[in-house]
$ cat my_file-v2.cif   # mmCIF, C-alpha atoms
data_entry
#
loop_
_atom_site.label_atom_id
_atom_site.label_comp_id
_atom_site.auth_asym_id
_atom_site.auth_seq_id
_atom_site.Cartn_x
_atom_site.Cartn_y
_atom_site.Cartn_z
CA MET U 1029 -24.09 12.38 -71.46
CA THR U 1030 -22.10 13.12 -68.32
CA LYS U 1031 -23.39 15.19 -65.42
CA LEU U 1032 -21.03 17.95 -64.35
CA ILE U 1033 -21.63 19.49 -60.95
CA TYR U 1034 -19.87 22.59 -59.60
CA PHE U 1035 -19.42 24.00 -56.09
CA ALA U 1036 -18.33 27.19 -54.30
CA TRP U 1037 -16.32 29.64 -56.45
CA VAL U 1038 -16.11 27.17 -59.33
CA ARG U 1039 -19.94 27.24 -59.46
CA GLU U 1040 -20.07 31.03 -59.13
CA ARG U 1041 -17.49 31.66 -61.86
CA ILE U 1042 -19.03 29.18 -64.32
CA GLY U 1043 -22.44 30.64 -63.50
CA LYS U 1044 -24.35 27.41 -62.96
CA GLY U 1045 -24.53 24.58 -60.46
CA GLU U 1046 -24.68 21.68 -62.87
CA GLU U 1047 -25.12 20.67 -66.49
CA GLU U 1048 -25.19 17.62 -68.74
CA LEU U 1049 -22.42 17.48 -71.35
CA GLU U 1050 -21.51 15.17 -74.19
CA LEU U 1051 -17.75 14.76 -73.75
CA PRO U 1052 -15.65 14.36 -76.91
CA GLU U 1053 -13.56 11.19 -77.28
CA THR U 1054 -10.38 13.20 -76.80
CA VAL U 1055 -11.35 13.63 -73.14
CA ARG U 1056 -9.77 10.58 -71.47
CA THR U 1057 -8.60 11.89 -68.12
CA VAL U 1058 -9.66 14.53 -65.61
CA SER U 1059 -6.86 16.77 -66.95
CA ASP U 1060 -8.23 16.40 -70.49
CA LEU U 1061 -11.66 17.34 -69.18
CA LEU U 1062 -10.37 20.55 -67.59
CA VAL U 1063 -8.62 21.52 -70.84
CA HIS U 1064 -11.82 20.79 -72.80
CA LEU U 1065 -14.07 22.78 -70.43
CA LYS U 1066 -11.83 25.84 -70.81
CA THR U 1067 -12.74 25.94 -74.52
CA LEU U 1068 -16.46 26.31 -73.71
CA GLY U 1069 -16.33 30.02 -72.85
CA ASP U 1070 -14.70 32.84 -70.90
CA GLU U 1071 -16.51 31.90 -67.70
CA TYR U 1072 -15.02 28.37 -67.83
CA GLU U 1073 -11.60 29.82 -68.69
CA GLU U 1074 -11.86 32.10 -65.63
CA ALA U 1075 -13.10 29.34 -63.29
CA LEU U 1076 -10.44 26.85 -64.34
CA LYS U 1077 -7.56 29.29 -64.84
CA PHE U 1078 -5.47 27.43 -62.27
CA PRO U 1079 -6.36 23.78 -62.92
CA GLU U 1080 -4.01 22.55 -60.17
CA ALA U 1081 -6.30 24.29 -57.64
CA ILE U 1082 -9.35 22.34 -58.80
CA ARG U 1083 -10.40 19.25 -56.84
CA VAL U 1084 -12.36 16.55 -58.63
CA ALA U 1085 -14.78 13.82 -57.59
CA LEU U 1086 -15.74 10.98 -59.95
CA ASP U 1087 -19.13 9.53 -58.98
CA GLN U 1088 -18.74 11.23 -55.58
CA GLU U 1089 -15.25 9.90 -54.78
CA HIS U 1090 -12.10 12.05 -54.74
CA ALA U 1091 -9.94 11.52 -57.84
CA ASP U 1092 -6.54 12.64 -59.12
CA HIS U 1093 -6.26 14.60 -62.35
CA GLY U 1094 -4.72 11.59 -64.07
CA GLU U 1095 -7.73 9.33 -63.54
CA LEU U 1096 -9.86 8.18 -66.48
CA VAL U 1097 -13.38 9.57 -66.85
CA ALA U 1098 -14.78 6.83 -69.14
CA GLY U 1099 -17.99 5.39 -67.72
CA VAL U 1100 -18.29 8.02 -64.99
CA LYS U 1101 -21.84 9.36 -64.58
CA GLU U 1102 -21.22 12.38 -62.34
CA ILE U 1103 -18.14 14.58 -62.17
CA GLY U 1104 -17.86 17.17 -59.41
CA LEU U 1105 -15.45 20.13 -59.71
CA PHE U 1106 -14.68 22.32 -56.71
CA PRO U 1107 -12.01 24.27 -54.80
CA PRO U 1108 -10.07 22.80 -51.85
CA MET U 1109 -12.50 22.00 -49.05
CA THR U 1110 -12.99 24.20 -45.98
CA GLY U 1111 -15.50 22.38 -43.78
CA GLY U 1112 -15.33 21.52 -40.11
CA MET G 474 -17.27 -7.99 -30.41
CA ALA G 475 -20.46 -6.27 -31.55
CA SER G 476 -20.07 -4.05 -34.62
CA ALA G 477 -19.42 -0.39 -33.88
CA LEU G 478 -22.24 2.12 -33.99
CA LEU G 479 -21.86 4.68 -36.78
CA HIS G 480 -24.10 7.73 -37.11
CA ILE G 481 -23.64 10.38 -39.81
CA ALA G 482 -25.85 13.43 -40.30
CA VAL G 483 -25.48 16.38 -42.67
CA GLN G 484 -28.23 18.85 -41.83
CA ALA G 485 -29.30 22.50 -41.73
CA ALA G 486 -30.71 22.15 -38.22
CA ASP G 487 -28.73 22.65 -35.01
CA PHE G 488 -27.71 19.62 -32.96
CA ASP G 489 -27.53 18.60 -29.30
CA ALA G 490 -24.25 17.13 -28.05
CA ALA G 491 -25.97 15.47 -25.06
CA GLU G 492 -28.28 13.62 -27.43
CA GLU G 493 -25.36 12.30 -29.48
CA ALA G 494 -23.56 11.23 -26.31
CA LYS G 495 -26.66 9.30 -25.32
CA ARG G 496 -26.87 7.71 -28.78
CA LEU G 497 -23.39 6.22 -28.32
CA THR G 498 -23.66 5.20 -24.68
CA ALA G 499 -27.31 4.38 -23.90
CA GLY G 500 -27.79 0.80 -22.76
CA ARG G 501 -24.09 -0.06 -23.12
CA LYS G 502 -21.67 -1.19 -20.47
CA ASP G 503 -18.53 -1.43 -22.60
CA VAL G 504 -17.97 2.31 -23.15
CA GLY G 505 -15.20 3.62 -20.90
CA ALA G 506 -14.59 6.93 -22.67
CA LEU G 507 -16.49 9.41 -24.79
CA VAL G 508 -14.77 12.38 -26.45
CA GLN G 509 -16.78 15.12 -28.14
CA PHE G 510 -15.50 17.94 -30.32
CA ILE G 511 -17.73 20.87 -31.27
CA GLY G 512 -16.70 23.43 -33.90
CA TYR G 513 -18.32 26.88 -33.64
CA CYS G 514 -18.67 29.85 -35.96
CA ARG G 515 -16.37 32.72 -34.83
CA ASP G 516 -17.11 36.40 -35.48
CA GLU G 517 -13.44 37.10 -36.38
CA ASN G 518 -13.18 40.09 -34.02
CA GLY G 519 -16.56 41.46 -35.00
CA THR G 520 -15.95 41.53 -38.77
CA LEU G 521 -18.06 38.49 -39.66
CA SER G 522 -21.87 38.36 -39.53
CA ALA G 523 -22.33 34.79 -40.78
CA LEU G 524 -20.76 31.83 -42.51
CA GLU G 525 -22.57 30.18 -45.37
CA LEU G 526 -21.73 26.51 -45.70
CA GLU G 527 -22.19 24.84 -49.05
CA HIS G 528 -21.89 21.06 -49.39
CA TYR G 529 -21.97 18.31 -52.00
CA PRO G 530 -25.17 16.39 -51.10
CA GLY G 531 -24.58 12.66 -51.06
CA MET G 532 -20.81 12.90 -51.28
CA ALA G 533 -20.58 14.83 -47.99
CA GLU G 534 -22.31 12.00 -46.13
CA ALA G 535 -20.34 9.34 -48.03
CA GLU G 536 -16.98 10.98 -47.36
CA ILE G 537 -17.62 11.54 -43.63
CA SER G 538 -18.80 7.94 -43.44
CA ARG G 539 -15.57 6.69 -45.10
CA ILE G 540 -13.44 8.75 -42.70
CA SER G 541 -15.43 7.60 -39.66
CA GLN G 542 -15.26 3.95 -40.68
CA GLU G 543 -11.50 4.25 -41.01
CA ALA G 544 -11.30 5.76 -37.51
CA ILE G 545 -13.44 2.96 -36.08
CA GLU G 546 -11.12 0.33 -37.53
CA ARG G 547 -7.86 2.14 -36.81
CA PHE G 548 -8.59 2.95 -33.16
CA GLY G 549 -11.02 0.17 -32.33
CA LEU G 550 -13.83 2.57 -31.52
CA ILE G 551 -17.13 1.35 -30.12
CA GLY G 552 -19.08 4.19 -31.70
CA MET G 553 -18.64 7.29 -33.84
CA SER G 554 -21.14 10.03 -34.53
CA ALA G 555 -20.44 12.92 -36.90
CA VAL G 556 -22.93 15.74 -37.44
CA HIS G 557 -22.14 18.60 -39.83
CA ARG G 558 -24.41 21.53 -40.59
CA PHE G 559 -24.84 23.45 -43.85
CA GLY G 560 -26.54 26.73 -44.75
CA LYS G 561 -26.18 30.11 -43.03
CA ILE G 562 -24.63 29.93 -39.56
CA ALA G 563 -24.20 32.94 -37.25
CA PRO G 564 -21.25 33.58 -34.91
CA GLY G 565 -21.69 31.60 -31.70
CA GLU G 566 -23.63 28.82 -33.42
CA GLN G 567 -22.41 25.24 -33.67
CA ILE G 568 -21.12 23.92 -37.02
CA VAL G 569 -19.80 20.42 -36.44
CA LEU G 570 -19.96 17.75 -33.73
CA ILE G 571 -17.74 14.67 -33.55
CA SER G 572 -18.41 12.09 -30.82
CA ALA G 573 -16.10 9.11 -30.37
CA ALA G 574 -16.79 6.28 -27.93
CA ALA G 575 -14.22 3.68 -26.94
CA SER G 576 -13.22 1.39 -24.09
CA HIS G 577 -10.32 3.67 -23.14
CA ARG G 578 -9.69 7.40 -23.42
CA GLN G 579 -6.72 7.41 -25.80
CA ALA G 580 -8.69 5.71 -28.58
CA ALA G 581 -11.60 8.12 -28.08
CA PHE G 582 -9.33 11.21 -28.19
CA ASP G 583 -7.43 9.89 -31.22
CA GLY G 584 -10.61 8.86 -33.04
CA ALA G 585 -12.23 12.29 -32.68
CA ASN G 586 -8.98 14.05 -33.63
CA PHE G 587 -8.43 11.82 -36.69
CA VAL G 588 -11.98 12.35 -37.99
CA MET G 589 -11.71 16.15 -37.62
CA ASP G 590 -8.32 16.29 -39.35
CA PHE G 591 -9.60 14.34 -42.36
CA LEU G 592 -12.99 16.01 -42.42
CA LYS G 593 -11.33 19.43 -42.74
CA THR G 594 -9.48 18.51 -45.92
CA SER G 595 -11.60 15.73 -47.50
CA ALA G 596 -15.28 16.29 -46.70
CA PRO G 597 -16.88 18.37 -49.48
CA PHE G 598 -17.91 21.52 -47.59
CA TRP G 599 -17.04 25.13 -48.43
CA LYS G 600 -17.40 28.21 -46.23
CA LYS G 601 -18.31 31.63 -47.54
CA GLU G 602 -17.99 34.64 -45.26
CA HIS G 603 -20.63 37.32 -44.90
CA ALA G 604 -19.05 40.51 -43.58
CA ALA G 605 -20.54 42.48 -40.67
CA ASP G 606 -20.49 45.69 -42.78
CA GLY G 607 -22.98 44.11 -45.21
CA SER G 608 -20.51 43.44 -48.00
CA GLU G 609 -20.32 39.97 -49.43
CA GLY G 610 -17.15 38.39 -48.11
CA GLY G 611 -15.14 35.84 -50.00
CA TRP G 612 -14.75 32.08 -49.84
CA VAL G 613 -12.61 30.87 -46.98
CA GLU G 614 -9.27 29.60 -48.28
CA ALA G 615 -7.97 26.17 -47.40
CA ARG G 616 -5.16 26.30 -44.83
CA ASP G 617 -1.80 24.58 -45.19
CA ALA G 618 -1.96 23.89 -41.45
CA ASP G 619 -5.00 21.66 -42.04
CA ASP G 620 -3.10 19.63 -44.65
CA ALA G 621 -0.20 19.29 -42.23
CA ALA G 622 -2.56 18.14 -39.46
CA ARG G 623 -3.81 15.35 -41.71
CA GLU G 624 -0.31 14.28 -42.69
CA LYS G 625 0.62 13.44 -39.10
CA TRP G 626 -1.63 10.34 -39.26
CA LYS G 627 0.36 8.77 -42.13
#
$ encode --input "my_file-v2.cif" --output "structure tokens"
Amino acid sequence: MTKLIYFAWVRERIGKGEEELELPETVRTVSDLLVHLKTLGDEYEEALKFPEAIRVALDQEHADHGELVAGVKEIGLFPPMTGG
Amino acid sequence: MASALLHIAVQAADFDAAEEAKRLTAGRKDVGALVQFIGYCRDENGTLSALELEHYPGMAEAEISRISQEAIERFGLIGMSAVHRFGKIAPGEQIVLISAAASHRQAAFDGANFVMDFLKTSAPFWKKEHAADGSEGGWVEARDADDAAREKWK
């Protein structure tokens, strides 16, 4: 199982802050993951409509969409950051 | 040379800049310059009643720590303190405090500037606006100018 954790409008559109998911073997990279999540329901489709706008952290470190997700325990999905 | 002092805090509570200045300078005789930056919540000409700051617990601290460590090494800082608040913050309240201590002023100015530029685009915080007319405002959008500010350090 992999822990998915969502923030800001990604969290609001998906309708939950986090969940545990069994990822299929076809999900190798972050991009694959985003494609897979969009098949889980309209709310995911809506949240991830523009995948290029989604930032990703693998085990709490920023990652590109091409990075592999094998062995990762926690994946964070969120919009571009606006702190400071 | 003694290792640099690094202090990171991500908290709901307000902070005191004088206290952070003391943390970096108390009992030391090698600090020649201390630069502090404080970011405040604006009311956007009366239209905003509050900002709500969401953060990624754990990663927020880790990311600010990575950025601060890089600043310490790059500019040879003696100390760096970064405090960032989360939760609901009203106009006029403080949001973020960066304190950079160094032997000379240029390193302190550069260190504080560098940490703010990277924090804006890499630290996992998101601002939601609450409008003064009671309506729920939207999420603040990331600014291209912030990305550009970060690029200048390349």
$ closest_atom_pairs --input "my_file-v2.cif" --of "chain U" --to "chain G" --cutoff "7 Å" --atoms "all atoms listed in the file" --output "Markdown table"
| residue | atom | partner | partner_atom | distance |
| --- | --- | --- | --- | --- |
| U:Ala1036 | CA | G:Trp599 | CA | 6.4 |
| U:Gln1088 | CA | G:Met532 | CA | 5.1 |
| U:Pro1108 | CA | G:Ala615 | CA | 6.0 |
| U:Met1109 | CA | G:Trp599 | CA | 5.5 |
| U:Thr1110 | CA | G:Trp599 | CA | 4.8 |
| U:Gly1111 | CA | G:Phe598 | CA | 4.6 |
| U:Gly1112 | CA | G:Lys593 | CA | 5.2 |
$ residues_around --input "my_file-v2.cif" --residues "Arg1041 (chain U)" --least-positions-apart "6" --cutoff "10 Å" --atoms "all atoms listed in the file" --output "PyMOL selection string"
chain U and resi 1034-1035+1070-1076
$ closest_residue --input "my_file-v2.cif" --among "G:Ala523, G:Ala490, G:Ala506, G:Ala585" --to "Gly560 (chain G)" --atoms "only C-alpha atoms"
G:Ala523
$ residues_around --input "my_file-v2.cif" --residues "Gly607 (chain G)" --least-positions-apart "5" --cutoff "12 Å" --atoms "only C-alpha atoms" --output "PyMOL selection string"
chain G and resi 520-523+602
$ residues_around --input "my_file-v2.cif" --residues "region 579-583 of chain G" --least-positions-apart "6" --cutoff "10 Å" --atoms "all atoms listed in the file" --output "PDB file with C-alpha atoms, keeping the file's coordinate frame"
ATOM      1  CA  VAL G 504     -17.970   2.310 -23.150  1.00  0.00           C
ATOM      2  CA  GLY G 505     -15.200   3.620 -20.900  1.00  0.00           C
ATOM      3  CA  ALA G 506     -14.590   6.930 -22.670  1.00  0.00           C
ATOM      4  CA  LEU G 507     -16.490   9.410 -24.790  1.00  0.00           C
ATOM      5  CA  VAL G 508     -14.770  12.380 -26.450  1.00  0.00           C
ATOM      6  CA  GLN G 509     -16.780  15.120 -28.140  1.00  0.00           C
ATOM      7  CA  PHE G 510     -15.500  17.940 -30.320  1.00  0.00           C
ATOM      8  CA  ALA G 544     -11.300   5.760 -37.510  1.00  0.00           C
ATOM      9  CA  ILE G 545     -13.440   2.960 -36.080  1.00  0.00           C
ATOM     10  CA  ARG G 547      -7.860   2.140 -36.810  1.00  0.00           C
ATOM     11  CA  PHE G 548      -8.590   2.950 -33.160  1.00  0.00           C
ATOM     12  CA  GLY G 549     -11.020   0.170 -32.330  1.00  0.00           C
ATOM     13  CA  LEU G 550     -13.830   2.570 -31.520  1.00  0.00           C
ATOM     14  CA  ILE G 551     -17.130   1.350 -30.120  1.00  0.00           C
ATOM     15  CA  GLY G 552     -19.080   4.190 -31.700  1.00  0.00           C
ATOM     16  CA  MET G 553     -18.640   7.290 -33.840  1.00  0.00           C
ATOM     17  CA  SER G 572     -18.410  12.090 -30.820  1.00  0.00           C
ATOM     18  CA  ALA G 573     -16.100   9.110 -30.370  1.00  0.00           C
ATOM     19  CA  MET G 589     -11.710  16.150 -37.620  1.00  0.00           C
ATOM     20  CA  TRP G 626      -1.630  10.340 -39.260  1.00  0.00           C
TER      21      TRP G 626
END
$ residues_around --input "my_file-v2.cif" --residues "region 1091-1107 of chain U" --least-positions-apart "6" --cutoff "6 Å" --atoms "all atoms listed in the file" --output "ChimeraX atom specification"
/U:1030-1035,1038,1056-1059,1082-1085
$ atom_distance --input "my_file-v2.cif" --atom1 "CA of Arg501 (chain G)" --atom2 "CA of Ala486 (chain G)"
27.7 Å
$ closest_residue --input "my_file-v2.cif" --among "G:Ile540, G:Glu609, G:Glu534, G:Lys561" --to "Val483 (chain G)" --atoms "all atoms listed in the file"
G:Glu534
$ closest_residue --input "my_file-v2.cif" --among "G:Ala499, G:Ala604, G:Ile537, G:Ala575" --to "Ala563 (chain G)" --atoms "all atoms listed in the file"
G:Ala604
$ atom_distance --input "my_file-v2.cif" --atom1 "CA of Pro1052 (chain U)" --atom2 "CA of Leu1086 (chain U)"
17.3 Å
$ atom_distance --input "my_file-v2.cif" --atom1 "CA of Leu479 (chain G)" --atom2 "CA of Arg496 (chain G)"
9.9 Å
$ closest_residue --input "my_file-v2.cif" --among "G:Ser554, G:Gln542, G:Ser576, G:Gln567" --to "Asp503 (chain G)" --atoms "all atoms listed in the file"
G:Ser576
$ closest_residue --input "my_file-v2.cif" --among "G:Phe587, G:Ala485, G:Lys627, G:Gly610" --to "Glu546 (chain G)" --atoms "all atoms listed in the file"
G:Phe587
$ decode --input "my_file-v2.cif" --residues "region 1042-1061 of chain U" --atoms "N, CA, C and O atoms" --output "mmCIF file, in the first residue's frame"
data_model
loop_
_atom_site.group_PDB
_atom_site.id
_atom_site.type_symbol
_atom_site.label_atom_id
_atom_site.label_comp_id
_atom_site.auth_asym_id
_atom_site.auth_seq_id
_atom_site.Cartn_x
_atom_site.Cartn_y
_atom_site.Cartn_z
ATOM 1 N N ILE U 1042 -10.420 16.524 -4.766
ATOM 2 C CA ILE U 1042 -10.517 15.074 -4.596
ATOM 3 C C ILE U 1042 -11.486 14.758 -3.446
ATOM 4 O O ILE U 1042 -12.152 13.723 -3.437
ATOM 5 N N GLY U 1043 -11.566 15.675 -2.483
ATOM 6 C CA GLY U 1043 -12.540 15.506 -1.409
ATOM 7 C C GLY U 1043 -12.011 14.774 -0.194
ATOM 8 O O GLY U 1043 -12.772 14.375 0.680
ATOM 9 N N LYS U 1044 -10.710 14.567 -0.140
ATOM 10 C CA LYS U 1044 -10.101 13.968 1.053
ATOM 11 C C LYS U 1044 -8.639 14.374 1.161
ATOM 12 O O LYS U 1044 -8.014 14.723 0.159
ATOM 13 N N GLY U 1045 -8.119 14.328 2.372
ATOM 14 C CA GLY U 1045 -6.748 14.759 2.616
ATOM 15 C C GLY U 1045 -5.720 13.690 2.340
ATOM 16 O O GLY U 1045 -4.583 13.975 1.971
ATOM 17 N N GLU U 1046 -6.102 12.441 2.560
ATOM 18 C CA GLU U 1046 -5.151 11.352 2.308
ATOM 19 C C GLU U 1046 -5.873 10.023 2.188
ATOM 20 O O GLU U 1046 -7.038 9.885 2.588
ATOM 21 N N GLU U 1047 -5.188 9.053 1.630
ATOM 22 C CA GLU U 1047 -5.741 7.702 1.495
ATOM 23 C C GLU U 1047 -4.611 6.720 1.224
ATOM 24 O O GLU U 1047 -3.516 7.105 0.833
ATOM 25 N N GLU U 1048 -4.896 5.447 1.480
ATOM 26 C CA GLU U 1048 -3.922 4.392 1.194
ATOM 27 C C GLU U 1048 -4.408 3.679 -0.060
ATOM 28 O O GLU U 1048 -5.567 3.284 -0.156
ATOM 29 N N LEU U 1049 -3.519 3.508 -1.036
ATOM 30 C CA LEU U 1049 -3.916 2.866 -2.293
ATOM 31 C C LEU U 1049 -2.944 1.760 -2.668
ATOM 32 O O LEU U 1049 -1.735 1.866 -2.422
ATOM 33 N N GLU U 1050 -3.494 0.708 -3.250
ATOM 34 C CA GLU U 1050 -2.666 -0.345 -3.836
ATOM 35 C C GLU U 1050 -2.462 0.071 -5.285
ATOM 36 O O GLU U 1050 -3.408 0.115 -6.061
ATOM 37 N N LEU U 1051 -1.226 0.398 -5.668
ATOM 38 C CA LEU U 1051 -0.987 0.868 -7.031
ATOM 39 C C LEU U 1051 -0.723 -0.311 -7.956
ATOM 40 O O LEU U 1051 0.058 -1.197 -7.631
ATOM 41 N N PRO U 1052 -1.388 -0.328 -9.119
ATOM 42 C CA PRO U 1052 -1.163 -1.417 -10.072
ATOM 43 C C PRO U 1052 0.275 -1.386 -10.612
ATOM 44 O O PRO U 1052 0.933 -0.345 -10.559
ATOM 45 N N GLU U 1053 0.740 -2.521 -11.136
ATOM 46 C CA GLU U 1053 2.123 -2.603 -11.615
ATOM 47 C C GLU U 1053 2.403 -1.689 -12.800
ATOM 48 O O GLU U 1053 3.564 -1.369 -13.075
ATOM 49 N N THR U 1054 1.332 -1.301 -13.493
ATOM 50 C CA THR U 1054 1.512 -0.416 -14.651
ATOM 51 C C THR U 1054 1.950 0.991 -14.225
ATOM 52 O O THR U 1054 2.426 1.769 -15.046
ATOM 53 N N VAL U 1055 1.795 1.299 -12.946
ATOM 54 C CA VAL U 1055 2.199 2.618 -12.448
ATOM 55 C C VAL U 1055 3.683 2.593 -12.089
ATOM 56 O O VAL U 1055 4.080 2.138 -11.020
ATOM 57 N N ARG U 1056 4.521 3.075 -13.005
ATOM 58 C CA ARG U 1056 5.972 3.072 -12.769
ATOM 59 C C ARG U 1056 6.471 4.456 -12.368
ATOM 60 O O ARG U 1056 7.278 4.602 -11.482
ATOM 61 N N THR U 1057 5.951 5.465 -13.040
ATOM 62 C CA THR U 1057 6.433 6.829 -12.778
ATOM 63 C C THR U 1057 5.324 7.696 -12.183
ATOM 64 O O THR U 1057 4.160 7.295 -12.131
ATOM 65 N N VAL U 1058 5.699 8.893 -11.782
ATOM 66 C CA VAL U 1058 4.723 9.866 -11.283
ATOM 67 C C VAL U 1058 3.664 10.134 -12.354
ATOM 68 O O VAL U 1058 2.471 10.189 -12.055
ATOM 69 N N SER U 1059 4.081 10.279 -13.613
ATOM 70 C CA SER U 1059 3.126 10.518 -14.705
ATOM 71 C C SER U 1059 2.120 9.379 -14.801
ATOM 72 O O SER U 1059 0.909 9.609 -14.961
ATOM 73 N N ASP U 1060 2.617 8.131 -14.696
ATOM 74 C CA ASP U 1060 1.717 6.968 -14.732
ATOM 75 C C ASP U 1060 0.700 7.047 -13.598
ATOM 76 O O ASP U 1060 -0.475 6.725 -13.751
ATOM 77 N N LEU U 1061 1.190 7.478 -12.434
ATOM 78 C CA LEU U 1061 0.322 7.572 -11.257
ATOM 79 C C LEU U 1061 -0.816 8.567 -11.513
ATOM 80 O O LEU U 1061 -1.984 8.282 -11.198
#
